[in-house]
$ cat upload_14.txt   # compact mmCIF, C-alpha atoms
# COMPACT_ATOMS: atom_id res chain seq x y z
CA MET A 1 19.76 -26.26 -32.34
CA GLN A 2 20.49 -23.40 -29.97
CA LEU A 3 18.75 -21.01 -32.32
CA ALA A 4 15.74 -23.25 -32.80
CA ARG A 5 15.17 -23.48 -29.08
CA SER A 6 15.56 -19.79 -28.38
CA ASN A 7 13.07 -19.00 -31.15
CA GLN A 8 10.33 -20.63 -29.14
CA THR A 9 10.55 -18.12 -26.33
CA ASN A 10 11.33 -15.28 -28.74
CA ARG A 11 8.11 -15.21 -30.65
CA LEU A 12 5.35 -12.80 -29.75
CA ASP A 13 2.55 -15.36 -29.53
CA GLY A 14 -1.21 -15.07 -29.74
CA LEU A 15 -1.68 -15.91 -26.06
CA THR A 16 0.35 -12.89 -24.92
CA LEU A 17 -1.53 -10.54 -27.25
CA GLY A 18 -4.84 -12.10 -26.20
CA LEU A 19 -4.08 -11.66 -22.49
CA LEU A 20 -3.12 -8.02 -23.03
CA ALA A 21 -6.21 -7.31 -25.15
CA LEU A 22 -8.60 -9.05 -22.75
CA GLY A 23 -6.96 -7.42 -19.74
CA GLY A 24 -7.16 -3.99 -21.37
CA VAL A 25 -10.84 -4.38 -22.21
CA GLY A 26 -11.51 -5.80 -18.73
CA ALA A 27 -9.81 -2.85 -17.05
CA VAL A 28 -11.94 -0.40 -19.07
CA VAL A 29 -15.10 -2.33 -18.13
CA GLY A 30 -13.99 -2.48 -14.49
CA LEU A 31 -13.29 1.25 -14.34
CA VAL A 32 -16.65 2.10 -15.93
CA MET A 33 -18.34 -0.20 -13.36
CA ALA A 34 -16.33 1.41 -10.57
CA LEU A 35 -17.48 4.86 -11.67
CA SER A 36 -21.12 3.77 -11.45
CA ALA A 37 -20.75 2.00 -8.10
CA PRO A 38 -22.61 3.53 -5.15
CA PRO A 39 -20.74 5.82 -2.71
CA ASP A 40 -19.65 4.52 0.67
CA GLN A 41 -21.88 5.42 3.63
CA SER A 42 -19.22 7.25 5.56
CA GLN A 43 -16.64 8.27 2.97
CA GLY A 44 -18.81 9.06 -0.05
CA PHE A 45 -17.26 8.82 -3.50
CA VAL A 46 -13.69 9.00 -2.18
CA ALA A 47 -13.95 5.31 -1.29
CA ARG A 48 -14.02 4.50 -5.02
CA ILE A 49 -10.22 4.55 -4.99
CA PHE A 50 -10.73 1.15 -3.33
CA HIS A 51 -11.57 -0.27 -6.78
CA VAL A 52 -8.06 0.47 -8.04
CA HIS A 53 -6.04 0.51 -4.83
CA VAL A 54 -6.83 -3.01 -3.60
CA PRO A 55 -6.30 -4.86 -6.94
CA THR A 56 -2.98 -3.06 -7.59
CA ALA A 57 -1.79 -3.86 -4.06
CA TRP A 58 -2.70 -7.51 -4.56
CA MET A 59 -0.85 -7.54 -7.88
CA ALA A 60 2.21 -6.20 -6.05
CA TYR A 61 2.01 -9.07 -3.56
CA LEU A 62 1.39 -11.54 -6.40
CA ALA A 63 4.49 -10.23 -8.16
CA SER A 64 6.57 -10.91 -5.05
CA PHE A 65 5.43 -14.52 -4.95
CA GLY A 66 5.88 -14.89 -8.72
CA ALA A 67 9.42 -13.55 -8.51
CA LEU A 68 10.08 -15.88 -5.57
CA GLY A 69 8.83 -18.91 -7.52
CA TYR A 70 10.86 -18.20 -10.65
CA SER A 71 13.95 -17.27 -8.63
CA VAL A 72 13.84 -20.54 -6.70
CA ALA A 73 13.19 -22.37 -9.99
CA TYR A 74 16.31 -20.71 -11.43
CA LEU A 75 18.46 -21.65 -8.44
CA VAL A 76 17.30 -25.27 -8.72
CA ARG A 77 17.34 -25.76 -12.49
CA ARG A 78 19.72 -23.02 -13.67
CA LYS A 79 17.70 -22.17 -16.77
CA ALA A 80 18.20 -18.62 -18.09
CA HIS A 81 14.50 -18.55 -19.01
CA HIS A 82 13.45 -18.66 -15.34
CA ASP A 83 15.82 -15.83 -14.50
CA ARG A 84 14.39 -13.69 -17.29
CA VAL A 85 10.79 -14.32 -16.21
CA ALA A 86 11.67 -13.50 -12.58
CA ALA A 87 13.14 -10.18 -13.73
CA ALA A 88 10.07 -9.48 -15.87
CA VAL A 89 7.75 -10.22 -12.93
CA VAL A 90 9.66 -7.78 -10.72
CA GLU A 91 9.63 -5.01 -13.32
CA VAL A 92 5.90 -5.34 -13.97
CA GLY A 93 5.31 -5.78 -10.23
CA LEU A 94 7.08 -2.48 -9.56
CA ILE A 95 4.56 -0.68 -11.77
CA PHE A 96 1.66 -2.11 -9.77
CA MET A 97 3.45 -1.46 -6.47
CA ALA A 98 3.99 2.18 -7.44
CA LEU A 99 0.32 2.45 -8.42
CA ALA A 100 -0.75 0.91 -5.11
CA LEU A 101 1.39 3.41 -3.19
CA LEU A 102 0.19 6.34 -5.33
CA THR A 103 -3.53 5.49 -5.11
CA GLY A 104 -3.09 4.86 -1.39
CA MET A 105 -1.59 8.32 -0.91
CA LEU A 106 -4.37 9.96 -2.92
CA TRP A 107 -6.90 8.15 -0.75
CA ALA A 108 -5.10 8.93 2.51
CA ARG A 109 -5.09 12.73 2.11
CA PRO A 110 -8.89 13.27 2.13
CA THR A 111 -9.62 10.52 4.68
CA TRP A 112 -6.71 10.28 7.16
CA GLY A 113 -5.63 13.87 6.61
CA VAL A 114 -2.09 13.18 5.34
CA TYR A 115 -0.54 11.75 2.18
CA TRP A 116 1.93 9.65 4.09
CA ASP A 117 2.68 8.58 7.62
CA TRP A 118 5.31 6.18 8.96
CA GLU A 119 2.81 3.66 10.20
CA PRO A 120 3.41 -0.11 9.95
CA ARG A 121 1.54 -0.93 6.71
CA LEU A 122 2.96 2.04 4.81
CA THR A 123 6.47 1.51 6.16
CA THR A 124 6.58 -2.20 5.30
CA THR A 125 5.22 -1.44 1.82
CA ALA A 126 7.89 1.22 1.31
CA ILE A 127 10.53 -1.35 2.31
CA LEU A 128 9.05 -3.85 -0.17
CA PHE A 129 9.22 -1.22 -2.92
CA ALA A 130 12.83 -0.35 -2.04
CA ILE A 131 13.89 -4.02 -2.15
CA TYR A 132 12.51 -4.46 -5.68
CA VAL A 133 14.12 -1.22 -6.85
CA GLY A 134 17.29 -2.76 -5.40
CA TYR A 135 16.62 -5.91 -7.42
CA VAL A 136 16.58 -3.92 -10.67
CA VAL A 137 19.75 -2.02 -9.68
CA VAL A 138 21.56 -5.26 -8.78
CA ARG A 139 20.69 -6.71 -12.18
CA GLY A 140 22.02 -3.64 -13.93
CA ALA A 141 25.20 -3.62 -11.87
CA ILE A 142 26.39 -7.18 -12.50
CA GLU A 143 27.74 -8.05 -15.96
CA ASP A 144 28.24 -11.78 -15.58
CA PRO A 145 24.86 -13.40 -16.43
CA GLU A 146 25.20 -16.31 -14.02
CA LEU A 147 26.32 -14.22 -11.06
CA ARG A 148 23.65 -11.65 -11.92
CA ALA A 149 20.92 -14.28 -11.90
CA LYS A 150 22.08 -15.75 -8.59
CA ALA A 151 22.39 -12.40 -6.83
CA ALA A 152 19.02 -11.24 -8.17
CA ALA A 153 17.37 -14.48 -7.03
CA GLY A 154 18.69 -13.81 -3.52
CA VAL A 155 17.18 -10.32 -3.50
CA ALA A 156 13.84 -11.67 -4.78
CA ILE A 157 13.70 -14.24 -1.98
CA LEU A 158 14.51 -11.51 0.54
CA GLY A 159 11.71 -9.35 -0.86
CA ALA A 160 9.09 -12.10 -0.66
CA ILE A 161 9.74 -12.55 3.07
CA ASN A 162 8.41 -9.03 3.53
CA VAL A 163 5.05 -9.76 1.88
CA PRO A 164 3.39 -11.65 4.76
CA ILE A 165 4.82 -9.06 7.17
CA SER A 166 3.32 -6.24 5.12
CA TYR A 167 0.00 -8.04 4.72
CA MET A 168 -0.32 -8.86 8.42
CA SER A 169 1.10 -5.53 9.65
CA VAL A 170 -2.40 -4.07 10.14
CA LYS A 171 -3.21 -6.93 12.51
CA TRP A 172 0.12 -7.42 14.26
CA TRP A 173 0.70 -3.79 15.13
CA ARG A 174 -1.36 -0.73 15.86
CA SER A 175 -1.73 1.15 12.65
CA LEU A 176 -3.41 4.00 10.89
CA HIS A 177 -4.31 1.80 7.93
CA GLN A 178 -7.53 -0.08 8.55
CA THR A 179 -7.50 -3.89 8.64
CA GLN A 180 -8.27 -5.90 5.52
CA SER A 181 -11.72 -5.34 4.00
CA ILE A 182 -11.39 -8.68 2.25
CA ASP A 183 -9.50 -10.75 4.75
CA LEU A 184 -7.71 -13.62 3.01
CA THR A 185 -6.74 -15.22 6.34
CA THR A 186 -10.27 -15.46 7.75
CA GLY A 187 -12.37 -15.15 4.59
CA LYS A 188 -14.39 -12.25 5.98
CA ILE A 189 -15.63 -9.65 3.51
CA ASN A 190 -16.78 -6.28 4.85
CA VAL A 191 -17.76 -4.81 1.51
CA ASP A 192 -21.22 -4.49 -0.05
CA ALA A 193 -21.66 -6.53 -3.24
CA ALA A 194 -22.32 -3.40 -5.31
CA ILE A 195 -18.92 -2.00 -4.28
CA LEU A 196 -17.12 -5.36 -4.30
CA ILE A 197 -18.03 -6.54 -7.82
CA PRO A 198 -16.29 -3.72 -9.78
CA MET A 199 -13.21 -4.37 -7.66
CA LEU A 200 -13.27 -8.08 -8.57
CA VAL A 201 -13.64 -7.20 -12.28
CA ASN A 202 -10.59 -4.95 -11.97
CA LEU A 203 -8.75 -7.67 -10.08
CA ALA A 204 -9.36 -10.17 -12.89
CA ALA A 205 -8.43 -7.61 -15.56
CA PHE A 206 -5.24 -6.54 -13.78
CA THR A 207 -4.24 -10.18 -13.35
CA LEU A 208 -4.60 -10.77 -17.12
CA LEU A 209 -2.66 -7.57 -17.85
CA PHE A 210 -0.01 -8.59 -15.36
CA ILE A 211 0.54 -12.02 -16.94
CA GLY A 212 0.44 -10.54 -20.44
CA LEU A 213 2.98 -7.84 -19.58
CA VAL A 214 5.29 -10.38 -17.91
CA ARG A 215 5.15 -12.60 -21.01
CA LEU A 216 5.84 -9.61 -23.25
CA ARG A 217 8.79 -8.47 -21.11
CA SER A 218 10.20 -12.04 -21.03
CA ILE A 219 10.03 -12.25 -24.83
CA ILE A 220 11.92 -8.95 -25.13
CA ALA A 221 14.51 -10.20 -22.61
CA ALA A 222 14.92 -13.47 -24.53
CA ARG A 223 15.50 -11.54 -27.76
CA GLU A 224 18.08 -9.36 -26.06
CA ALA A 225 19.86 -12.46 -24.72
CA ALA A 226 19.79 -14.11 -28.16
CA ARG A 227 21.31 -11.01 -29.75
CA GLU A 228 24.06 -10.86 -27.14
CA GLU A 229 24.93 -14.52 -27.79
CA ALA A 230 25.08 -14.04 -31.55
CA MET B 1 31.09 -2.28 -11.93
CA LYS B 2 30.04 1.06 -13.36
CA PRO B 3 29.98 4.00 -10.92
CA LYS B 4 26.29 4.72 -11.51
CA TYR B 5 25.35 1.27 -10.23
CA ILE B 6 27.50 1.70 -7.13
CA VAL B 7 25.68 4.98 -6.48
CA GLY B 8 22.36 3.20 -7.06
CA LEU B 9 23.20 0.38 -4.66
CA VAL B 10 24.36 2.82 -1.99
CA VAL B 11 21.12 4.80 -2.36
CA VAL B 12 18.96 1.68 -2.09
CA ALA B 13 20.95 0.29 0.85
CA GLY B 14 20.77 3.66 2.58
CA ALA B 15 17.02 3.91 1.99
CA LEU B 16 16.50 0.41 3.41
CA ALA B 17 18.65 1.16 6.45
CA TYR B 18 16.73 4.39 7.03
CA LEU B 19 13.38 2.63 6.70
CA ILE B 20 14.31 -0.27 8.95
CA PHE B 21 16.23 1.55 11.66
CA GLY B 22 14.63 4.98 11.43
CA GLY B 23 11.08 4.35 10.33
CA LEU B 24 10.14 0.89 11.50
CA GLY B 25 12.13 0.92 14.75
CA GLN B 26 10.00 3.66 16.27
CA ASN B 27 6.85 2.37 14.71
CA LEU B 28 6.58 -1.08 16.25
CA VAL B 29 4.42 0.76 18.75
CA TYR B 30 2.83 3.23 16.35
CA PHE B 31 0.77 5.06 18.97
CA ILE B 32 0.20 4.88 22.72
CA THR B 33 -3.21 4.81 24.37
CA PRO B 34 -4.30 7.21 27.15
CA SER B 35 -4.02 4.35 29.69
CA GLU B 36 -0.43 3.66 28.64
CA TYR B 37 0.38 7.34 28.98
CA PHE B 38 -0.82 7.45 32.58
CA GLN B 39 1.25 4.37 33.43
CA GLN B 40 4.48 6.14 32.40
CA VAL B 41 3.77 9.86 32.48
CA GLU B 42 7.43 10.80 32.98
CA ARG B 43 8.58 8.90 29.92
CA TYR B 44 6.37 10.83 27.52
CA GLN B 45 7.21 14.37 28.66
CA ASN B 46 9.07 16.76 26.37
CA ARG B 47 9.19 14.45 23.38
CA ALA B 48 7.16 13.80 20.27
CA VAL B 49 4.40 11.28 20.96
CA ARG B 50 1.67 9.65 18.91
CA LEU B 51 -1.52 9.17 20.88
CA GLY B 52 -4.43 7.06 19.65
CA GLY B 53 -8.02 6.65 20.76
CA LEU B 54 -11.62 7.65 20.13
CA VAL B 55 -13.01 11.18 20.12
CA LYS B 56 -15.26 11.33 23.19
CA PRO B 57 -18.80 12.45 22.25
CA GLY B 58 -19.80 15.88 23.50
CA THR B 59 -16.26 17.14 23.99
CA LEU B 60 -15.75 18.62 20.53
CA GLU B 61 -15.19 22.39 20.35
CA TYR B 62 -14.14 24.02 17.11
CA ASN B 63 -13.51 27.72 16.62
CA PRO B 64 -13.58 28.44 12.85
CA GLN B 65 -12.08 31.92 13.39
CA THR B 66 -8.90 30.82 15.13
CA LEU B 67 -9.03 27.26 13.72
CA GLU B 68 -8.55 26.03 17.27
CA LEU B 69 -9.93 22.58 17.89
CA ARG B 70 -10.37 21.02 21.33
CA PHE B 71 -11.58 17.54 22.09
CA VAL B 72 -10.98 14.62 24.43
CA VAL B 73 -9.43 11.32 23.35
CA THR B 74 -10.44 8.25 25.28
CA ASP B 75 -9.64 4.54 25.24
CA GLY B 76 -12.67 3.78 27.38
CA VAL B 77 -10.63 3.87 30.58
CA LYS B 78 -8.58 7.08 30.62
CA GLU B 79 -9.07 10.41 28.88
CA ILE B 80 -6.70 13.08 27.61
CA PRO B 81 -7.69 16.60 26.46
CA ILE B 82 -6.30 17.53 23.05
CA ARG B 83 -5.65 20.99 21.60
CA SER B 84 -5.06 21.25 17.88
CA SER B 85 -4.69 24.41 15.87
CA GLY B 86 -3.73 25.76 12.48
CA THR B 87 -5.45 23.39 10.10
CA THR B 88 -9.01 22.42 9.39
CA PRO B 89 -9.63 18.84 10.54
CA PRO B 90 -10.08 16.11 7.88
CA ALA B 91 -13.65 15.66 6.63
CA LEU B 92 -14.10 12.33 8.40
CA PHE B 93 -13.21 13.81 11.79
CA GLY B 94 -16.02 13.69 14.32
CA GLU B 95 -17.35 12.21 17.53
CA ASN B 96 -16.59 8.55 18.20
CA ARG B 97 -14.02 8.52 15.39
CA GLY B 98 -10.72 6.73 15.83
CA VAL B 99 -7.91 9.29 15.70
CA VAL B 100 -4.14 9.37 15.97
CA VAL B 101 -2.65 12.69 17.10
CA GLU B 102 1.02 13.56 16.71
CA GLY B 103 2.43 16.16 19.07
CA ARG B 104 3.62 16.80 22.63
CA PHE B 105 2.23 16.98 26.10
CA GLU B 106 2.07 20.48 27.57
CA GLY B 107 1.08 19.92 31.15
CA GLU B 108 -2.18 18.05 31.25
CA THR B 109 -3.08 18.87 27.66
CA PHE B 110 -1.76 17.19 24.55
CA VAL B 111 -0.92 19.70 21.83
CA SER B 112 -1.43 18.16 18.43
CA GLN B 113 0.68 19.11 15.43
CA ASN B 114 -0.93 16.55 13.18
CA LEU B 115 -4.41 15.12 13.42
CA LEU B 116 -4.98 11.81 11.61
CA VAL B 117 -8.39 10.18 11.29
CA LYS B 118 -8.80 6.44 10.99
CA HIS B 119 -11.61 4.94 8.96
CA SER B 120 -13.19 1.52 9.06
CA GLU B 121 -12.48 -1.36 6.70
CA THR B 122 -16.20 -1.66 5.94
CA TYR B 123 -17.59 -0.19 2.73
CA GLN B 124 -21.34 0.03 2.48
CA ALA B 125 -23.60 1.57 -0.10
CA PRO B 126 -26.34 3.86 1.24
CA LYS B 127 -29.22 1.62 2.27
CA GLU B 128 -32.55 1.54 0.48
CA GLY B 129 -34.84 4.16 1.90
CA TRP B 130 -32.12 6.81 1.88
CA THR B 131 -33.57 9.79 0.08
CA PRO B 132 -31.52 11.36 -2.72
CA GLU B 133 -31.13 14.40 -0.42
CA GLN B 134 -29.47 12.25 2.23
CA VAL B 135 -27.09 10.79 -0.32
CA ARG B 136 -26.27 14.25 -1.66
CA LYS B 137 -25.66 15.48 1.89
CA LEU B 138 -23.29 12.57 2.52
CA ILE B 139 -21.34 13.35 -0.61
CA GLU B 140 -21.14 17.06 0.13
CA GLU B 141 -20.07 16.46 3.72
CA THR B 142 -17.17 14.23 2.76
CA GLN B 143 -15.71 16.48 0.09

$ encode --input "upload_14.txt" --output "structure tokens"
Amino acid sequence: MQLARSNQTNRLDGLTLGLLALGGVGAVVGLVMALSAPPDQSQGFVARIFHVHVPTAWMAYLASFGALGYSVAYLVRRKAHHDRVAAAVVEVGLIFMALALLTGMLWARPTWGVYWDWEPRLTTTAILFAIYVGYVVVRGAIEDPELRAKAAAGVAILGAINVPISYMSVKWWRSLHQTQSIDLTTGKINVDAAILIPMLVNLAAFTLLFIGLVRLRSIIAAREAAREEA
Amino acid sequence: MKPKYIVGLVVVAGALAYLIFGGLGQNLVYFITPSEYFQQVERYQNRAVRLGGLVKPGTLEYNPQTLELRFVVTDGVKEIPIRSSGTTPPALFGENRGVVVEGRFEGETFVSQNLLVKHSETYQAPKEGWTPEQVRKLIEETQ
């Protein structure tokens, strides 16, 4: 009975593979489109980093909310599955967060003049990154599965609080980082369609990749848990 | 608990404390404007300051031999002369650009150690009617 149930979450299913394949193809298409998008009037071709930077940053925020949702679900229902998915979301989210920081730095050097500066958006994003690194360390440090899940859920909730602060930092405080080009709070878009569309293709592709990777990581985690039980 | 995890937790906690108390604390006001400087001149003497504003048109002087750059930053009300030296300014630097300068006041002049250039959140393709030469010039200028 126990085995039969764990087998359901253990199997590498077609949906996961399909999401990964579609996301991979989509990302290639998106990057090819991005490389044929017109240059920006003031920045030239440097602004093309936009096509990767913005979707990865959004994925990082999405990961925070995903981890929040599954962590709260774990605290309410106490199902190990929710804890494993929350951990998978954070791990995959960290990849996207690192990419967002890296692409941001590569963009900052030729435009702002520096790779990094302790301005509000960059500082709050660095804090967000540090909290999720802390999440992974906390999970590794605690042996007891139940205590581990509870402590990790607490860290995930703490991390998610920082997301709206980071997102709104460019409006709340004076900053070096420009305000949102696609403002989700007002719905204003300050991007030409020819530059926007490749970004949206990448956004869709990264979302599929994100979900696929989280499913894959959850399956691996479920197998590990099943082996430990046996 | 294994020692390596204790080390890891200490590192993460230390990094967070540094970011929150060291980084963010000073950055709630990331830069001051020229008007704010003139309200509290005494407060900003002999310490590192970030000053933000627009580069006033017609005030830009750049000496490529000595790499000395002089310009005036304005917030529309007050103006402060800036002297920056040692590095070539970022490609996007120019008149009417938003800038943040990091440095100190030396008398009336602000001496910049670090010149940062803001850019807008708007991304626009070159309009129709731009000749290929204009587009090429844009690309070459921003490299």

$ residues_around --input "upload_14.txt" --residues "Gly86 in chain B" --least-positions-apart "6" --cutoff "12 Å" --atoms "only C-alpha atoms" --output "count of residues only"
13

$ closest_residue --input "upload_14.txt" --among "B:Val77, B:Glu95, B:Gly107, B:Thr88" --to "chain A" --atoms "all atoms listed in the file"
B:Thr88

$ interface_residues --input "upload_14.txt" --of "chain A" --to "chain B" --cutoff "9 Å" --atoms "only C-alpha atoms" --output "JSON, numbers by chain"
{"A": [37, 38, 39, 40, 41, 42, 43, 44, 45, 46, 47, 109, 110, 111, 112, 113, 114, 118, 119, 120, 123, 124, 126, 127, 130, 131, 133, 134, 137, 138, 140, 141, 142, 143, 173, 174, 175, 176, 177, 178, 179, 180, 181, 182, 189, 190, 191, 192, 193, 194, 195, 196]}

$ closest_residue --input "upload_14.txt" --among "B:Gln40, B:Ser84, B:Thr59, B:Ser35" --to "Phe71 in chain B" --atoms "all atoms listed in the file"
B:Thr59

$ closest_residue --input "upload_14.txt" --among "B:Ile80, B:Phe105, B:Gly58, B:Gly94" --to "Glu42 in chain B" --atoms "all atoms listed in the file"
B:Phe105

$ residues_around --input "upload_14.txt" --residues "range 54-70 of chain A" --least-positions-apart "2" --cutoff "6 Å" --atoms "all atoms listed in the file" --output "PyMOL selection string"
chain A and resi 50+52+72-73+82+86+89+93+96-97+100+156-157+160+203

$ residues_around --input "upload_14.txt" --residues "Leu15 in chain A" --least-positions-apart "5" --cutoff "10 Å" --atoms "only C-alpha atoms" --output "JSON, numbers by chain"
{"A": [20, 21, 212, 215]}

$ axis_aligned_box --input "upload_14.txt" --around "range 34-51 of chain A" --padding-each-side "3 Å" --output "lines of an AutoDock Vina configuration file"
center_x = -16.4
center_y = 4.4
center_z = -3.1
size_x = 18.4
size_y = 15.3
size_z = 23.2

$ atom_distance --input "upload_14.txt" --atom1 "CA of Ala88 in chain A" --atom2 "CA of Ile211 in chain A"
9.9 Å

$ atom_distance --input "upload_14.txt" --atom1 "CA of Ile82 in chain B" --atom2 "CA of Phe110 in chain B"
4.8 Å

$ atom_distance --input "upload_14.txt" --atom1 "CA of Ala48 in chain B" --atom2 "CA of Asp75 in chain B"
19.8 Å

$ build_atoms --input "upload_14.txt" --residues "range 75-102 of chain B" --atoms "N, CA and C atoms" --output "CSV table (one decimal), keeping the file's coordinate frame"
chain,number,residue,atom,x,y,z
B,75,ASP,N,-9.7,6.0,25.6
B,75,ASP,CA,-9.6,4.5,25.2
B,75,ASP,C,-10.7,3.7,26.0
B,76,GLY,N,-11.6,4.5,26.6
B,76,GLY,CA,-12.7,3.8,27.4
B,76,GLY,C,-12.3,3.7,28.9
B,77,VAL,N,-11.0,3.9,29.2
B,77,VAL,CA,-10.6,3.9,30.6
B,77,VAL,C,-10.1,5.3,31.0
B,78,LYS,N,-9.2,5.8,30.3
B,78,LYS,CA,-8.6,7.1,30.6
B,78,LYS,C,-8.9,8.1,29.5
B,79,GLU,N,-8.8,9.4,29.9
B,79,GLU,CA,-9.1,10.4,28.9
B,79,GLU,C,-8.0,11.5,28.9
B,80,ILE,N,-7.7,12.0,27.7
B,80,ILE,CA,-6.7,13.1,27.6
B,80,ILE,C,-7.3,14.2,26.8
B,81,PRO,N,-7.2,15.5,27.3
B,81,PRO,CA,-7.7,16.6,26.5
B,81,PRO,C,-6.7,17.0,25.4
B,82,ILE,N,-7.2,17.2,24.2
B,82,ILE,CA,-6.3,17.5,23.0
B,82,ILE,C,-6.6,19.0,22.6
B,83,ARG,N,-5.5,19.7,22.2
B,83,ARG,CA,-5.6,21.0,21.6
B,83,ARG,C,-4.9,20.9,20.3
B,84,SER,N,-5.6,21.3,19.2
B,84,SER,CA,-5.1,21.2,17.9
B,84,SER,C,-5.4,22.6,17.2
B,85,SER,N,-4.4,23.1,16.5
B,85,SER,CA,-4.7,24.4,15.9
B,85,SER,C,-4.0,24.5,14.5
B,86,GLY,N,-4.4,25.5,13.7
B,86,GLY,CA,-3.7,25.8,12.5
B,86,GLY,C,-4.4,25.2,11.2
B,87,THR,N,-4.9,24.0,11.3
B,87,THR,CA,-5.4,23.4,10.1
B,87,THR,C,-6.9,23.0,10.3
B,88,THR,N,-7.7,22.9,9.3
B,88,THR,CA,-9.0,22.4,9.4
B,88,THR,C,-8.9,20.9,9.5
B,89,PRO,N,-9.7,20.3,10.4
B,89,PRO,CA,-9.6,18.8,10.5
B,89,PRO,C,-10.1,18.1,9.3
B,90,PRO,N,-9.6,16.9,9.0
B,90,PRO,CA,-10.1,16.1,7.9
B,90,PRO,C,-11.6,15.9,7.9
B,91,ALA,N,-12.2,15.7,6.7
B,91,ALA,CA,-13.6,15.7,6.6
B,91,ALA,C,-14.3,14.6,7.5
B,92,LEU,N,-13.5,13.5,7.7
B,92,LEU,CA,-14.1,12.3,8.4
B,92,LEU,C,-14.0,12.5,9.9
B,93,PHE,N,-13.4,13.6,10.4
B,93,PHE,CA,-13.2,13.8,11.8
B,93,PHE,C,-14.6,14.1,12.4
B,94,GLY,N,-14.8,13.5,13.6
B,94,GLY,CA,-16.0,13.7,14.3
B,94,GLY,C,-16.1,12.9,15.6
B,95,GLU,N,-17.2,12.9,16.3
B,95,GLU,CA,-17.4,12.2,17.5
B,95,GLU,C,-17.3,10.7,17.3
B,96,ASN,N,-16.7,10.0,18.2
B,96,ASN,CA,-16.6,8.6,18.2
B,96,ASN,C,-15.7,8.0,17.1
B,97,ARG,N,-15.0,9.0,16.4
B,97,ARG,CA,-14.0,8.5,15.4
B,97,ARG,C,-12.7,8.1,16.0
B,98,GLY,N,-12.1,7.1,15.4
B,98,GLY,CA,-10.7,6.7,15.8
B,98,GLY,C,-9.7,7.8,15.3
B,99,VAL,N,-8.9,8.3,16.2
B,99,VAL,CA,-7.9,9.3,15.7
B,99,VAL,C,-6.5,8.9,16.2
B,100,VAL,N,-5.5,9.4,15.5
B,100,VAL,CA,-4.1,9.4,16.0
B,100,VAL,C,-3.6,10.8,15.9
B,101,VAL,N,-3.2,11.3,17.1
B,101,VAL,CA,-2.6,12.7,17.1
B,101,VAL,C,-1.1,12.7,17.3
B,102,GLU,N,-0.4,13.5,16.5
B,102,GLU,CA,1.0,13.6,16.7
B,102,GLU,C,1.3,14.9,17.3
